[in-house]
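Asks: The structure follows.
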Amino acid sequence: MIYDHILIRYGEISTKGKNRKGFIDKLKSNIKRALQEFKSIRVEADRDRMYVLLNGEDHKAVASKLTGIFGIQNFSPAMKTERDIEAVKESALAYVSDLSGISTFKINTRRSDKNYPYNTDEVNHILGGHILQNIEGISVNVKNPDLTLRVEIRKEAVYLSGEIIPGAGGLPVGNSGKAVLMLSGGIDSPVAGYLSMKRGLDLECVHFHSPPFTSERSKQKVLDLCRKLAAVSGRITLHIVPFTDIQKLIQKQIPENYTMTSTRRLMLRVADRIRENQKALAIVTGESLGQVASQTLESMFAINEATNTPVLRPLITMDKIDIMKIATEIDTLEISNRPYEDCCTVFTPANPKTKPKREKVNFYESFVDFNELVEQAVNGVETVTIYPEQKIEEGDGLDLF
Ligand SMILES: Nc1ncnc2c1ncn2[C@@H]1O[C@H](COP(=O)(O)OP(=O)(O)OP(=O)(O)O)[C@@H](O)[C@H]1O
């Protein structure tokens, strides 16, 4: 089958003029970036549809890229033909003749141009009759056909397609503004990042590390996770925060059962400074209610006091098993399961407070001046941009830590 187009139907889209334009422009540029290896293709957009003009490129390879792009409801490889009914008849016949294993079919016509000289029923009959007359042994089955040939009659042309391939849904990455993702090496935060990109967020990642307590291998883990997220968005900027001094001071000055609460508050403070520098408007975390001591409601209440920036928690109501399912789908689970230490696990107290009190943590922190160390951590951030295909191996010259 020689398809010349892929016809893309938009996902959830606000009908308001300006938002619609923003959505379409963003989706178009994301599609162009995802398809840049196909040199001949062109992408055209109008209010209701987008078209990838294949110009000879393999439609299957292009389709496999399109399935991962947020903002696409579904899409169909399509043949474009002139509006003249004789031309449509010939194209429909060619389309069906070209497929093997089709013994039943139906025609499903939609007219967005109501001025077309034939209504949808008439087009269904004309094309159906033509196919029945010219292909031996084929019959119509309206309930369960082998092929539903969709015919879209538009102002500029008629499009024929036989297959609807589901898209990833969501909103185009970048359509909803920018946030920073607190990315650990664990299972949850990459999934939180993926889901927030699905709602159109552009993400920059922040990772806290504490050398020499955390190793090169835990660094590699985070870089690899970023590479997976970059496969969705085209690229990811990662900010790596030197956190050792802050953690040491916490260990020294804060009572042991409150060190975890204080560590989280300091992480949030530093992440918020990076957010501000990067002109982002929210912080995303991988927290899920009740999962661990730091994720009880009391803990979140005590920790969240560190900022009044919106903290988005896409996984808050999800069970671990469902989070792991998504981690498997986005191919991050195996990376997250690598057994290397994270700065939090290294310093985790034996009995962290599961119901910390704001007053108490404020009281303990009031004896310690963290301001200078927060400043140093923000100033010591190393930033690296990661692309999907980039292989980052240990010792390849990326002297991050
Ligand atoms: N080293 C780190 N760097 C950046 N963010 C972190 C780090 N450690 C934890 N976080 C953030 O805090 C959230 C809660 O972390 P915590 O270790 O309590 O939970 P978790 O369930 O193990 O999460 P994850 O699976 O994402 O590590 C993480 O999802 C992440 O957003």
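Every chain in the structure tokens takes a letter, A first, then B, and so on in the order presented; its residues are numbered from 1, and the ligands are numbered from 1 following the presented order.
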Could you tell me, counting only C-alpha atoms and all ligand atoms, which protein and nucleic acid residues lie no more than 7 Å from ligand 1, written as an NGL selection string?
Replies: :A and (181-190 or 206-209 or 284-288 or 291-292 or 294-295 or 342-344)
Asks: Pull the closest atom pair for each residue of range 171-207 of chain A that gets at most 9 Å from range 13-29 of chain A, along with the distance in Å to one decimal, counting only C-alpha atoms, ordering rows by chain and then ascending residue number, as a Markdown table.
Replies:
| residue | atom | partner | partner_atom | distance |
| --- | --- | --- | --- | --- |
| A:Leu171 | CA | A:Phe23 | CA | 7.6 |
| A:Pro172 | CA | A:Leu27 | CA | 5.2 |
| A:Val173 | CA | A:Lys26 | CA | 7.5 |
| A:Gly174 | CA | A:Lys26 | CA | 7.0 |
| A:Asn175 | CA | A:Phe23 | CA | 6.2 |
Asks: Please provide the set of residues having any atom within 10 Å of Ala327 in chain A, restricted to only C-alpha atoms, with same-chain residues fewer than 2 positions apart removed, written as a list in words.
Replies: Ile187, Asp188, Ser189, Pro190, Val191, Ala192, Tyr194, Ile321, Asp322, Ile323, Met324, Lys325, Glu329, Ile330, Asp331, Thr332, Leu333, Glu334, Ile335 and Ser336 of chain A
Asks: Would you output that residue set with C-alpha atoms, as a PDB file, in the first residue's frame?
Replies:
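Saved the output as result32.pdb:
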ATOM      1  CA  ILE A 187      11.109   3.948  40.626  1.00  0.00           C
ATOM      2  CA  ASP A 188       8.610   6.691  41.319  1.00  0.00           C
ATOM      3  CA  SER A 189      10.051  10.026  40.267  1.00  0.00           C
ATOM      4  CA  PRO A 190      10.721   9.073  36.589  1.00  0.00           C
ATOM      5  CA  VAL A 191       7.100   7.910  36.357  1.00  0.00           C
ATOM      6  CA  ALA A 192       5.938  11.197  37.919  1.00  0.00           C
ATOM      7  CA  TYR A 194       6.547  10.990  32.463  1.00  0.00           C
ATOM      8  CA  ILE A 321       2.004  -1.924  41.467  1.00  0.00           C
ATOM      9  CA  ASP A 322       0.416   0.551  39.041  1.00  0.00           C
ATOM     10  CA  ILE A 323       3.439   2.841  39.235  1.00  0.00           C
ATOM     11  CA  MET A 324       5.662  -0.122  38.417  1.00  0.00           C
ATOM     12  CA  LYS A 325       3.489  -0.986  35.448  1.00  0.00           C
ATOM     13  CA  GLU A 329       6.122   0.629  29.857  1.00  0.00           C
ATOM     14  CA  ILE A 330       8.466   3.614  29.760  1.00  0.00           C
ATOM     15  CA  ASP A 331      11.460   1.356  30.235  1.00  0.00           C
ATOM     16  CA  THR A 332      12.757   2.939  33.441  1.00  0.00           C
ATOM     17  CA  LEU A 333      12.060   0.080  35.873  1.00  0.00           C
ATOM     18  CA  GLU A 334      15.210  -1.873  35.140  1.00  0.00           C
ATOM     19  CA  ILE A 335      17.353   1.247  35.550  1.00  0.00           C
ATOM     20  CA  SER A 336      15.628   2.250  38.806  1.00  0.00           C
TER      21      SER A 336
END
Asks: Given only C-alpha atoms as the basis, pick out the residue of A:Met197, A:Ile107, A:Ala231, A:Val374 nearest to Ser176 in chain A.
Replies: A:Met197
Asks: Excluding Ala282 in chain A and any residue of its chain fewer than 3 positions from it, enumerate the residues within 7 Å of it, using only C-alpha atoms, and give them as a ChimeraX atom specification.
Replies: /A:179-180,309-312
Asks: Dump N, CA and C atoms for the selected residues as a CSV table (one decimal), in the first residue's frame?
Replies:
chain,number,residue,atom,x,y,z
A,179,ALA,N,8.1,23.0,34.7
A,179,ALA,CA,8.3,22.7,36.1
A,179,ALA,C,9.6,22.0,36.3
A,180,VAL,N,10.1,21.9,37.5
A,180,VAL,CA,11.3,21.1,37.8
A,180,VAL,C,10.8,19.8,38.5
A,309,THR,N,5.5,27.4,46.6
A,309,THR,CA,5.4,27.0,45.1
A,309,THR,C,4.5,25.8,45.0
A,310,PRO,N,3.7,25.7,44.0
A,310,PRO,CA,2.9,24.4,43.8
A,310,PRO,C,3.8,23.2,43.7
A,311,VAL,N,3.5,22.2,44.6
A,311,VAL,CA,4.3,20.9,44.5
A,311,VAL,C,3.3,19.9,43.9
A,312,LEU,N,3.6,19.5,42.7
A,312,LEU,CA,2.7,18.6,42.0
A,312,LEU,C,3.2,17.1,42.2
Asks: Using only C-alpha atoms, which residue out of A:Gln247, A:Asn108, A:Asn304, A:Ser40 lies closest to Asn55 in chain A?
Replies: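 That would be A:Ser40, the residue with the smallest distance to Asn55 in chain A.
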Asks: Select, from A:Cys226, A:Val123, A:Val88, A:Ala377, the residue with the minimum atom-to-atom distance to Ser210 in chain A, counting only C-alpha atoms.
Replies: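 Looking at the shortest contact to Ser210 in chain A, the residue is A:Ala377.
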Asks: I need the residues of range 257-330 of chain A that end up classed as strand (DSSP E or B) by DSSP on the backbone, written out as an MDAnalysis selection string.
Replies: chainID A and resid 283:284 311:312
Asks: Keeping only C-alpha atoms, write the selected residues to a file as a CSV table (one decimal), in the first residue's frame.
Replies:
chain,number,residue,atom,x,y,z
A,283,ILE,CA,8.0,21.4,41.5
A,284,VAL,CA,7.1,17.8,40.6
A,311,VAL,CA,4.3,20.9,44.5
A,312,LEU,CA,2.7,18.6,42.0
Asks: May I have the residues within 10 Å of Val270 in chain A as a PDB file with N, CA and C atoms, in the first residue's frame, using only C-alpha atoms and disregarding those fewer than 5 positions away in the same chain?
Replies:
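Written out: selection07.pdb:
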ATOM      1  N   VAL A 206      16.038  17.926  38.711  1.00  0.00           N
ATOM      2  CA  VAL A 206      16.978  18.286  39.776  1.00  0.00           C
ATOM      3  C   VAL A 206      17.308  17.013  40.533  1.00  0.00           C
ATOM      4  N   PHE A 208      19.784  15.424  43.681  1.00  0.00           N
ATOM      5  CA  PHE A 208      20.691  15.701  44.801  1.00  0.00           C
ATOM      6  C   PHE A 208      21.640  14.528  44.977  1.00  0.00           C
ATOM      7  N   VAL A 241      22.824  18.694  42.106  1.00  0.00           N
ATOM      8  CA  VAL A 241      23.089  19.548  43.266  1.00  0.00           C
ATOM      9  C   VAL A 241      24.051  18.850  44.222  1.00  0.00           C
ATOM     10  N   PHE A 243      25.089  17.966  47.603  1.00  0.00           N
ATOM     11  CA  PHE A 243      24.234  18.033  48.796  1.00  0.00           C
ATOM     12  C   PHE A 243      24.935  17.536  50.061  1.00  0.00           C
ATOM     13  N   ARG A 264      14.357  16.579  53.597  1.00  0.00           N
ATOM     14  CA  ARG A 264      13.358  16.854  52.556  1.00  0.00           C
ATOM     15  C   ARG A 264      13.051  18.337  52.449  1.00  0.00           C
ATOM     16  N   ARG A 265      12.989  18.995  53.583  1.00  0.00           N
ATOM     17  CA  ARG A 265      12.696  20.438  53.555  1.00  0.00           C
ATOM     18  C   ARG A 265      13.836  21.198  52.865  1.00  0.00           C
ATOM     19  N   ARG A 275      14.224  26.194  40.547  1.00  0.00           N
ATOM     20  CA  ARG A 275      12.978  26.472  39.810  1.00  0.00           C
ATOM     21  C   ARG A 275      12.883  27.955  39.457  1.00  0.00           C
ATOM     22  N   GLU A 276      13.182  28.780  40.451  1.00  0.00           N
ATOM     23  CA  GLU A 276      13.089  30.226  40.236  1.00  0.00           C
ATOM     24  C   GLU A 276      14.099  30.669  39.165  1.00  0.00           C
ATOM     25  N   ALA A 306       8.394  24.343  53.471  1.00  0.00           N
ATOM     26  CA  ALA A 306       9.601  24.966  52.916  1.00  0.00           C
ATOM     27  C   ALA A 306       9.320  25.855  51.705  1.00  0.00           C
ATOM     28  N   THR A 307       8.184  25.716  51.095  1.00  0.00           N
ATOM     29  CA  THR A 307       7.891  26.550  49.903  1.00  0.00           C
ATOM     30  C   THR A 307       6.382  26.749  49.730  1.00  0.00           C
ATOM     31  N   LEU A 373      24.818  27.393  53.288  1.00  0.00           N
ATOM     32  CA  LEU A 373      24.989  26.113  52.585  1.00  0.00           C
ATOM     33  C   LEU A 373      23.978  25.957  51.443  1.00  0.00           C
ATOM     34  N   VAL A 374      22.778  26.500  51.653  1.00  0.00           N
ATOM     35  CA  VAL A 374      21.796  26.466  50.562  1.00  0.00           C
ATOM     36  C   VAL A 374      22.342  27.263  49.386  1.00  0.00           C
ATOM     37  N   GLU A 375      22.891  28.427  49.701  1.00  0.00           N
ATOM     38  CA  GLU A 375      23.486  29.283  48.663  1.00  0.00           C
ATOM     39  C   GLU A 375      24.600  28.540  47.922  1.00  0.00           C
ATOM     40  N   GLN A 376      25.467  27.891  48.703  1.00  0.00           N
ATOM     41  CA  GLN A 376      26.589  27.144  48.086  1.00  0.00           C
ATOM     42  C   GLN A 376      26.072  26.013  47.198  1.00  0.00           C
ATOM     43  N   ALA A 377      25.036  25.318  47.676  1.00  0.00           N
ATOM     44  CA  ALA A 377      24.489  24.203  46.890  1.00  0.00           C
ATOM     45  C   ALA A 377      23.933  24.723  45.562  1.00  0.00           C
ATOM     46  N   VAL A 378      23.212  25.841  45.623  1.00  0.00           N
ATOM     47  CA  VAL A 378      22.630  26.403  44.387  1.00  0.00           C
ATOM     48  C   VAL A 378      23.756  26.850  43.452  1.00  0.00           C
TER      49      VAL A 378
END
